[in-house]
file target-v4.txt (compact mmCIF, C-alpha atoms)
# COMPACT_ATOMS: atom_id res chain seq x y z
CA MET A 165 15.24 -22.57 -6.68
CA CYS A 166 12.02 -20.55 -7.16
CA LEU A 167 13.58 -17.56 -5.42
CA ASP A 168 16.66 -17.70 -7.68
CA GLU A 169 14.54 -17.69 -10.83
CA LEU A 170 12.29 -15.02 -9.37
CA ARG A 171 15.33 -12.74 -8.91
CA THR A 172 16.53 -13.41 -12.45
CA LEU A 173 13.16 -12.65 -14.03
CA LEU A 174 12.57 -9.52 -11.95
CA ALA A 175 16.02 -8.11 -12.76
CA ARG A 176 15.54 -8.76 -16.47
CA HIS A 177 12.08 -7.24 -16.80
CA ALA A 178 12.31 -4.29 -14.40
CA ARG A 179 11.35 -0.92 -15.89
CA PRO A 180 11.91 2.54 -14.38
CA ASP A 181 8.16 3.05 -13.88
CA GLY A 182 7.59 -0.43 -12.38
CA THR A 183 5.00 -1.49 -14.96
CA THR A 184 4.87 -4.64 -17.10
CA PRO A 185 2.86 -5.76 -20.15
CA ILE A 186 0.67 -7.86 -17.81
CA ASP A 187 -2.15 -5.84 -16.29
CA GLY A 188 -1.76 -5.45 -12.54
CA LEU A 189 1.74 -6.97 -12.41
CA LEU A 190 4.42 -4.65 -11.05
CA ILE A 191 8.19 -5.02 -10.67
CA SER A 192 10.42 -2.93 -8.43
CA LYS A 193 14.19 -2.66 -8.68
CA VAL A 194 15.87 -0.31 -6.21
CA ASP A 195 19.63 0.12 -6.03
CA ARG A 196 19.95 2.37 -2.98
CA SER A 197 18.52 2.70 0.52
CA ASP A 198 16.86 6.11 0.40
CA PRO A 199 15.45 7.82 3.52
CA PRO A 200 11.90 6.78 4.53
CA ALA A 201 9.29 8.20 2.16
CA PRO A 202 5.51 8.55 2.59
CA SER A 203 3.10 7.04 0.10
CA MET A 204 -0.24 5.24 -0.18
CA SER A 205 -0.04 1.46 0.03
CA GLY A 206 -2.68 0.56 -2.55
CA THR A 207 -4.35 -2.87 -2.33
CA VAL A 208 -1.50 -5.13 -3.33
CA LEU A 209 0.53 -8.29 -2.85
CA ALA A 210 4.26 -7.53 -2.61
CA VAL A 211 6.89 -10.29 -2.61
CA ILE A 212 10.54 -9.48 -1.89
CA ALA A 213 12.98 -11.60 -3.91
CA GLN A 214 16.13 -9.74 -2.90
CA GLY A 215 16.88 -7.05 -0.32
CA ALA A 216 14.61 -5.93 2.51
CA LYS A 217 12.03 -3.25 3.23
CA ARG A 218 10.58 -1.54 6.29
CA LEU A 219 7.06 -0.11 6.29
CA ALA A 220 5.46 2.02 9.01
CA LEU A 221 1.68 2.24 9.42
CA GLY A 222 0.52 4.22 12.42
CA ASP A 223 2.08 2.57 15.45
CA ARG A 224 2.99 -0.64 13.59
CA ILE A 225 6.28 -1.46 11.86
CA PHE A 226 6.51 -4.18 9.21
CA GLU A 227 9.85 -5.56 8.05
CA TYR A 228 10.09 -8.12 5.27
CA GLY A 229 12.90 -9.51 3.16
CA ALA A 230 13.76 -12.14 0.57
CA GLY A 231 11.20 -14.94 0.50
CA GLN A 232 8.53 -12.98 2.40
CA TYR A 233 5.38 -11.24 1.24
CA LEU A 234 3.21 -8.35 2.35
CA VAL A 235 -0.49 -7.93 1.66
CA ALA A 236 -2.25 -4.54 1.88
CA SER A 237 -6.03 -4.92 1.74
CA VAL A 238 -6.82 -1.19 2.14
CA ASP A 239 -5.20 1.86 0.53
CA LEU A 240 -3.44 3.27 3.60
CA PRO A 241 -0.94 6.10 4.26
CA VAL A 242 2.40 4.43 4.96
CA THR A 243 6.06 5.37 5.21
CA GLY A 244 8.43 2.95 3.49
CA GLN A 245 12.15 2.42 3.05
CA PHE A 246 14.28 -0.26 1.43
CA THR A 247 16.81 -1.18 4.11
CA GLN A 248 18.95 -3.49 1.96
CA ALA A 249 19.64 -2.19 -1.55
CA ASP A 250 22.78 -1.18 -3.44
CA PRO A 251 23.95 -1.14 -7.07
CA GLU A 252 25.76 -4.48 -6.75
CA ARG A 253 22.76 -6.19 -5.15
CA PRO A 254 19.56 -4.18 -5.78
CA ALA A 255 16.33 -4.84 -3.97
CA LEU A 256 13.92 -6.77 -6.23
CA GLY A 257 10.19 -6.99 -5.68
CA PHE A 258 7.15 -8.61 -7.30
CA GLY A 259 3.83 -6.78 -6.99
CA LEU A 260 0.29 -7.75 -7.94
CA LEU A 261 -2.69 -5.43 -7.55
CA LEU A 262 -5.57 -7.04 -5.63
CA GLU A 263 -9.08 -6.47 -6.97
CA PRO A 264 -12.09 -7.09 -4.66
CA PRO A 265 -14.30 -8.46 -7.50
CA ALA A 266 -11.67 -11.13 -8.28
CA VAL A 267 -11.55 -12.15 -4.62
CA ALA A 268 -15.36 -12.25 -4.43
CA GLU A 269 -15.55 -14.44 -7.56
CA LEU A 270 -13.14 -17.01 -6.12
CA LEU A 271 -14.97 -17.09 -2.80
CA LEU A 272 -18.25 -17.76 -4.62
CA GLN A 273 -16.70 -20.59 -6.63
CA ALA A 274 -15.06 -22.25 -3.62
CA ALA A 275 -16.79 -25.30 -2.20
CA PRO A 276 -18.01 -25.17 1.42
CA GLY A 277 -15.08 -25.81 3.72
CA ASP A 278 -12.43 -24.92 1.12
CA THR A 279 -11.63 -21.66 2.90
CA PRO A 280 -11.10 -21.21 6.63
CA PRO A 281 -13.85 -19.31 8.48
CA SER A 282 -13.17 -15.62 8.95
CA GLY A 283 -12.82 -14.43 12.52
CA ALA A 284 -14.97 -11.81 14.19
CA GLY A 285 -14.08 -8.18 13.58
CA ALA A 286 -11.86 -6.64 10.95
CA ALA A 287 -8.49 -8.13 10.12
CA PRO A 288 -5.42 -5.84 9.93
CA GLY A 289 -5.11 -3.86 6.70
CA ILE A 290 -1.45 -4.84 6.26
CA VAL A 291 0.11 -8.22 7.08
CA VAL A 292 3.46 -9.96 6.45
CA SER A 293 4.29 -13.68 6.14
CA ASP A 294 6.86 -16.09 4.75
CA ALA A 295 5.98 -16.93 1.15
CA PRO A 296 5.16 -20.64 0.69
CA PRO A 297 6.76 -22.48 -2.25
CA ALA A 298 3.44 -22.72 -4.12
CA LEU A 299 3.02 -18.93 -4.06
CA LEU A 300 6.59 -18.32 -5.25
CA ASP A 301 6.16 -20.90 -8.00
CA ALA A 302 3.01 -19.18 -9.27
CA ALA A 303 4.77 -15.79 -9.20
CA VAL A 304 7.63 -17.23 -11.28
CA ARG A 305 5.20 -18.68 -13.83
CA LEU A 306 3.44 -15.33 -14.18
CA LEU A 307 6.78 -13.59 -14.77
CA ARG A 308 7.80 -16.20 -17.35
CA LEU A 309 4.83 -15.07 -19.44
CA LEU A 310 6.63 -11.75 -19.96
CA ASP A 311 8.90 -13.73 -22.30
CA GLU A 312 5.92 -15.48 -23.95
CA PRO A 313 3.69 -12.79 -25.50
CA ARG A 314 1.63 -15.31 -27.47
CA ASP A 315 0.47 -17.03 -24.27
CA ARG A 316 -0.07 -13.99 -22.06
CA ALA A 317 -3.69 -13.16 -22.84
CA VAL A 318 -4.90 -16.69 -22.07
CA LEU A 319 -2.56 -17.85 -19.30
CA ALA A 320 -1.86 -14.68 -17.28
CA PRO A 321 -5.44 -14.41 -15.90
CA LEU A 322 -5.30 -18.08 -14.87
CA VAL A 323 -2.01 -17.70 -13.00
CA LYS A 324 -3.21 -14.50 -11.32
CA ARG A 325 -6.28 -16.40 -10.08
CA GLU A 326 -4.00 -19.11 -8.73
CA ILE A 327 -1.90 -16.53 -6.86
CA LEU A 328 -5.07 -15.03 -5.39
CA TRP A 329 -6.28 -18.48 -4.34
CA ARG A 330 -2.94 -19.20 -2.64
CA LEU A 331 -3.38 -15.96 -0.68
CA ILE A 332 -7.04 -16.61 0.18
CA THR A 333 -6.25 -20.06 1.58
CA GLY A 334 -2.88 -19.11 3.09
CA GLU A 335 -1.69 -17.86 6.44
CA GLN A 336 -2.98 -14.32 5.86
CA GLY A 337 -6.14 -15.41 4.09
CA ALA A 338 -8.43 -13.61 6.55
CA THR A 339 -7.09 -10.24 5.40
CA VAL A 340 -7.41 -11.14 1.71
CA ARG A 341 -10.84 -12.78 1.99
CA GLN A 342 -12.31 -9.64 3.55
CA LEU A 343 -11.60 -7.83 0.28
CA GLY A 344 -14.29 -9.91 -1.39
CA LEU A 345 -16.90 -10.05 1.38
CA ALA A 346 -19.51 -7.33 1.07
CA ASP A 347 -20.44 -7.55 4.75
CA SER A 348 -16.94 -7.96 6.23
CA GLY A 349 -15.54 -5.66 8.88
CA LEU A 350 -12.99 -4.50 6.32
CA SER A 351 -15.68 -3.50 3.82
CA HIS A 352 -17.45 -1.42 6.48
CA ILE A 353 -14.24 0.33 7.54
CA SER A 354 -13.33 0.85 3.87
CA ARG A 355 -16.39 3.07 3.52
CA ALA A 356 -15.08 5.35 6.25
CA VAL A 357 -11.54 5.26 4.82
CA ARG A 358 -12.88 6.21 1.39
CA TRP A 359 -14.98 9.05 2.84
CA ILE A 360 -12.00 10.50 4.72
CA ARG A 361 -9.77 10.28 1.65
CA GLU A 362 -12.38 12.03 -0.54
CA HIS A 363 -13.25 14.72 2.07
CA TYR A 364 -9.97 15.02 3.98
CA ALA A 365 -10.21 18.83 4.23
CA GLN A 366 -13.58 18.67 5.98
CA PRO A 367 -14.11 18.21 9.72
CA PHE A 368 -16.18 15.19 10.71
CA ARG A 369 -17.82 13.58 13.70
CA VAL A 370 -16.78 10.03 14.51
CA GLU A 371 -20.43 9.24 15.24
CA ASP A 372 -21.28 10.04 11.61
CA LEU A 373 -18.51 7.81 10.26
CA ALA A 374 -19.62 4.99 12.56
CA ARG A 375 -23.16 5.36 11.20
CA LEU A 376 -21.81 5.33 7.62
CA SER A 377 -19.96 2.11 8.45
CA GLY A 378 -23.03 0.51 10.04
CA MET A 379 -21.35 0.15 13.45
CA SER A 380 -21.66 1.44 16.96
CA VAL A 381 -19.09 4.08 17.88
CA SER A 382 -17.12 1.67 20.09
CA ALA A 383 -17.11 -1.08 17.43
CA PHE A 384 -16.11 1.46 14.78
CA TYR A 385 -13.15 2.71 16.83
CA ARG A 386 -12.01 -0.85 17.51
CA ASN A 387 -12.28 -2.02 13.91
CA PHE A 388 -10.84 1.17 12.42
CA HIS A 389 -7.73 0.84 14.55
CA ALA A 390 -7.46 -2.88 13.76
CA VAL A 391 -7.39 -2.13 10.03
CA THR A 392 -5.43 1.14 9.90
CA ALA A 393 -3.34 1.06 13.14
CA MET A 394 -4.49 4.61 13.90
CA SER A 395 -7.51 6.61 15.01
CA PRO A 396 -9.84 8.23 12.42
CA ILE A 397 -8.49 11.70 13.34
CA ARG A 398 -4.87 10.60 12.95
CA PHE A 399 -5.73 8.91 9.66
CA GLN A 400 -7.24 12.14 8.36
CA LYS A 401 -4.11 14.04 9.44
CA GLN A 402 -1.88 11.63 7.49
CA ILE A 403 -4.00 12.08 4.36
CA ARG A 404 -4.01 15.87 4.76
CA LEU A 405 -0.23 16.08 5.12
CA GLN A 406 0.43 13.84 2.13
CA ALA A 407 -1.97 15.94 0.03
CA ALA A 408 -0.20 19.10 1.24
CA ARG A 409 3.18 17.74 0.18
CA LEU A 410 1.89 17.05 -3.33
CA LEU A 411 0.44 20.57 -3.54
CA LEU A 412 3.67 22.15 -2.32
CA ALA A 413 5.57 20.48 -5.15
CA THR A 414 3.62 22.71 -7.57
CA HIS A 415 2.84 25.68 -5.26
CA PRO A 416 6.03 26.02 -3.19
CA GLY A 417 5.51 29.69 -2.41
CA ASP A 418 2.02 29.36 -0.97
CA VAL A 419 2.51 27.45 2.28
CA THR A 420 -0.38 29.18 4.06
CA GLY A 421 -2.73 28.65 1.12
CA VAL A 422 -1.81 24.98 0.86
CA GLY A 423 -2.43 24.53 4.57
CA HIS A 424 -5.92 26.02 4.20
CA ARG A 425 -6.69 23.88 1.15
CA VAL A 426 -6.02 20.66 3.04
CA GLY A 427 -8.05 21.71 6.07
CA TYR A 428 -5.72 23.59 8.43
CA ASP A 429 -7.09 26.91 9.77
CA ASN A 430 -3.99 27.49 11.89
CA ALA A 431 -0.78 28.04 9.88
CA SER A 432 1.53 27.32 12.82
CA GLN A 433 -0.23 24.05 13.56
CA PHE A 434 0.11 23.06 9.89
CA SER A 435 3.82 23.87 9.88
CA ARG A 436 4.39 22.03 13.16
CA GLU A 437 2.60 18.85 12.09
CA TYR A 438 4.16 18.96 8.62
CA ARG A 439 7.64 19.15 10.11
CA ARG A 440 6.90 16.28 12.49
CA GLN A 441 5.75 14.15 9.54
CA PHE A 442 8.40 15.01 6.93
CA GLY A 443 11.37 16.22 8.98
CA ALA A 444 11.41 19.79 7.68
CA PRO A 445 9.07 22.83 7.63
CA PRO A 446 6.83 23.14 4.55
CA SER A 447 8.94 25.82 2.83
CA GLN A 448 12.21 23.92 3.28
CA ASP A 449 10.66 20.64 2.17
CA ALA A 450 9.18 22.32 -0.92
CA ALA A 451 12.66 23.59 -1.87
CA ARG A 452 14.05 20.09 -1.37
CA LEU A 453 11.32 18.66 -3.59
CA ARG A 454 12.19 21.17 -6.33
CA ARG A 455 15.89 20.22 -6.16
CA SER A 456 14.98 16.56 -6.44
CA ALA A 457 12.83 17.29 -9.50
CA ARG A 458 15.72 19.08 -11.20
CA ASP A 459 18.20 16.33 -10.27
CA PRO A 460 16.85 12.88 -11.20
CA ALA A 461 19.63 11.30 -9.17
CA GLY A 462 18.66 13.25 -6.06
CA VAL A 463 17.14 11.66 -3.00
CA LEU A 464 13.42 12.33 -2.57
CA PRO A 465 12.79 12.29 1.18

call {"tool": "encode", "arguments": {"input": "target-v4.txt", "output": "structure tokens"}}
result
Amino acid sequence: MCLDELRTLLARHARPDGTTPIDGLLISKVDRSDPPAPSMSGTVLAVIAQGAKRLALGDRIFEYGAGQYLVASVDLPVTGQFTQADPERPALGFGLLLEPPAVAELLLQAAPGDTPPSGAGAAPGIVVSDAPPALLDAAVRLLRLLDEPRDRAVLAPLVKREILWRLITGEQGATVRQLGLADSGLSHISRAVRWIREHYAQPFRVEDLARLSGMSVSAFYRNFHAVTAMSPIRFQKQIRLQAARLLLATHPGDVTGVGHRVGYDNASQFSREYRRQFGAPPSQDAARLRRSARDPAGVLP
């Protein structure tokens, strides 16, 4: 019954931009299965109420459908695609942004033994599970507040805390709890992830990133791959190529310049890796992006 009401509420309150009047609450409604598209995951809980989605992260593939949820505890470069969505039965999703301070606050308030012990090493940055009834029920109650503006300011923060608690103590709690632990493996790897994202055009030595993360080189490699499903060099490449695609949308005639701006000294290498990532050379993909911008109904690859 929770899933039925969840679908009804999501369909009624969906907006084109995915936002809602409740801070951090997102709703997705997709009525077609577009080709896979690259994006950043954000740190988020995503529950599918209708339809199905496939997400690729490095060498890992995640597939989740109605009644399942995904948690992303690090902002990672992913490629996603709704695999079940059409106008008669659109894909419907519930999203909630996850904030590390909120996780840390709940962990501090929990009594000893209320949360399972975290394992050694960093947990994966993205995980998928079946959504328990208590989590779905809390999601429904948060969505109901969209119809109750008088109660939102007081009750929405309480329900969001409940959802977070259900995640912390649930099957994938290790991934969520690491968001709030200052000395967790995830927090150490997050420093390196943040550095690469902010300095993606610069070369780096893995030894320096390991030192920044407070780990030996071998432990850094192991934990980085556990979280991101890729090596630090491959991660940087993903960030560079996504940044290049955004730049090409506004500078379509300057493929060589864009390649240099994101850190490629060799134009042919840039073109080769760009095509491998997006299925077309930079110039062709830029033209496709321009057509999509002119035609709102077009398919953005």

call {"tool": "atom_distance", "arguments": {"input": "target-v4.txt", "atom1": "CA of Val370 in chain A", "atom2": "CA of Arg409 in chain A"}}
result
25.8 Å

call {"tool": "closest_residue", "arguments": {"input": "target-v4.txt", "among": "A:Ala365, A:Val267, A:Leu309, A:Val391", "to": "Ile290 in chain A", "atoms": "all atoms listed in the file"}}
result
A:Val391

call {"tool": "residues_around", "arguments": {"input": "target-v4.txt", "residues": "Ala338 in chain A", "least_positions_apart": "4", "cutoff": "12 Å", "atoms": "all atoms listed in the file", "output": "MDAnalysis selection string"}}
result
chainID A and resid 235:237 267 271 279:291 331:334 342:345 348:350

call {"tool": "closest_residue", "arguments": {"input": "target-v4.txt", "among": "A:Gly337, A:Pro185, A:Pro241, A:Pro180", "to": "Ala201 in chain A", "atoms": "only C-alpha atoms"}}
result
A:Pro241

call {"tool": "closest_atom_pairs", "arguments": {"input": "target-v4.txt", "of": "range 347-412 of chain A", "to": "range 444-448 of chain A", "cutoff": "12 Å", "atoms": "all atoms listed in the file", "output": "JSON lines"}}
result
{"residue": "A:Leu405", "atom": "CA", "partner": "A:Pro446", "partner_atom": "CA", "distance": 10.0}
{"residue": "A:Gln406", "atom": "CA", "partner": "A:Pro446", "partner_atom": "CA", "distance": 11.5}
{"residue": "A:Ala408", "atom": "CA", "partner": "A:Pro446", "partner_atom": "CA", "distance": 8.8}
{"residue": "A:Arg409", "atom": "CA", "partner": "A:Pro446", "partner_atom": "CA", "distance": 7.8}
{"residue": "A:Leu410", "atom": "CA", "partner": "A:Pro446", "partner_atom": "CA", "distance": 11.1}
{"residue": "A:Leu411", "atom": "CA", "partner": "A:Pro446", "partner_atom": "CA", "distance": 10.6}
{"residue": "A:Leu412", "atom": "CA", "partner": "A:Pro446", "partner_atom": "CA", "distance": 7.6}

call {"tool": "closest_residue", "arguments": {"input": "target-v4.txt", "among": "A:Arg253, A:Arg176, A:Leu170, A:His352", "to": "Val238 in chain A", "atoms": "all atoms listed in the file"}}
result
A:His352

call {"tool": "residues_around", "arguments": {"input": "target-v4.txt", "residues": "Phe258 in chain A", "least_positions_apart": "3", "cutoff": "7 Å", "atoms": "only C-alpha atoms", "output": "list in words"}}
result
Leu190, Ile191, Ser192, Ala210, Val211 and Ile212 of chain A

call {"tool": "residues_around", "arguments": {"input": "target-v4.txt", "residues": "Ala213 in chain A", "least_positions_apart": "3", "cutoff": "9 Å", "atoms": "all atoms listed in the file", "output": "PyMOL selection string"}}
result
chain A and resi 167-168+170-171+174+216+229-232+255-258

call {"tool": "closest_residue", "arguments": {"input": "target-v4.txt", "among": "A:Asp294, A:Asp301, A:Gln366, A:Trp359", "to": "His424 in chain A", "atoms": "only C-alpha atoms"}}
result
A:Gln366

call {"tool": "atom_distance", "arguments": {"input": "target-v4.txt", "atom1": "CA of Tyr385 in chain A", "atom2": "CA of Tyr428 in chain A"}}
result
23.7 Å

call {"tool": "residues_near_point", "arguments": {"input": "target-v4.txt", "point": "(5.8, -0.4, 9.8)", "cutoff": "12 Å", "atoms": "only C-alpha atoms", "output": "list in words"}}
result
Pro200, Pro202, Ser205, Lys217, Arg218, Leu219, Ala220, Leu221, Gly222, Asp223, Arg224, Ile225, Phe226, Glu227, Tyr228, Leu234, Leu240, Pro241, Val242, Thr243, Gly244, Gln245, Phe246, Gly289, Ile290, Val291, Val292, Thr392 and Ala393 of chain A

call {"tool": "closest_residue", "arguments": {"input": "target-v4.txt", "among": "A:Glu335, A:Asp418, A:Glu371, A:Asp195", "to": "Tyr233 in chain A", "atoms": "only C-alpha atoms"}}
result
A:Glu335

call {"tool": "residues_near_point", "arguments": {"input": "target-v4.txt", "point": "(-9.9, 9.6, 3.2)", "cutoff": "10 Å", "atoms": "all atoms listed in the file", "output": "list of chain:residue names"}}
result
A:Asp239, A:Leu240, A:Pro241, A:Ser354, A:Arg355, A:Ala356, A:Val357, A:Arg358, A:Trp359, A:Ile360, A:Arg361, A:Glu362, A:His363, A:Tyr364, A:Ala365, A:Pro396, A:Phe399, A:Gln400, A:Lys401, A:Gln402, A:Ile403, A:Arg404

call {"tool": "atom_distance", "arguments": {"input": "target-v4.txt", "atom1": "CA of Arg316 in chain A", "atom2": "CA of Arg330 in chain A"}}
result
20.3 Å

call {"tool": "closest_residue", "arguments": {"input": "target-v4.txt", "among": "A:Pro254, A:Glu437, A:Val381, A:Met204", "to": "Arg398 in chain A", "atoms": "all atoms listed in the file"}}
result
A:Glu437
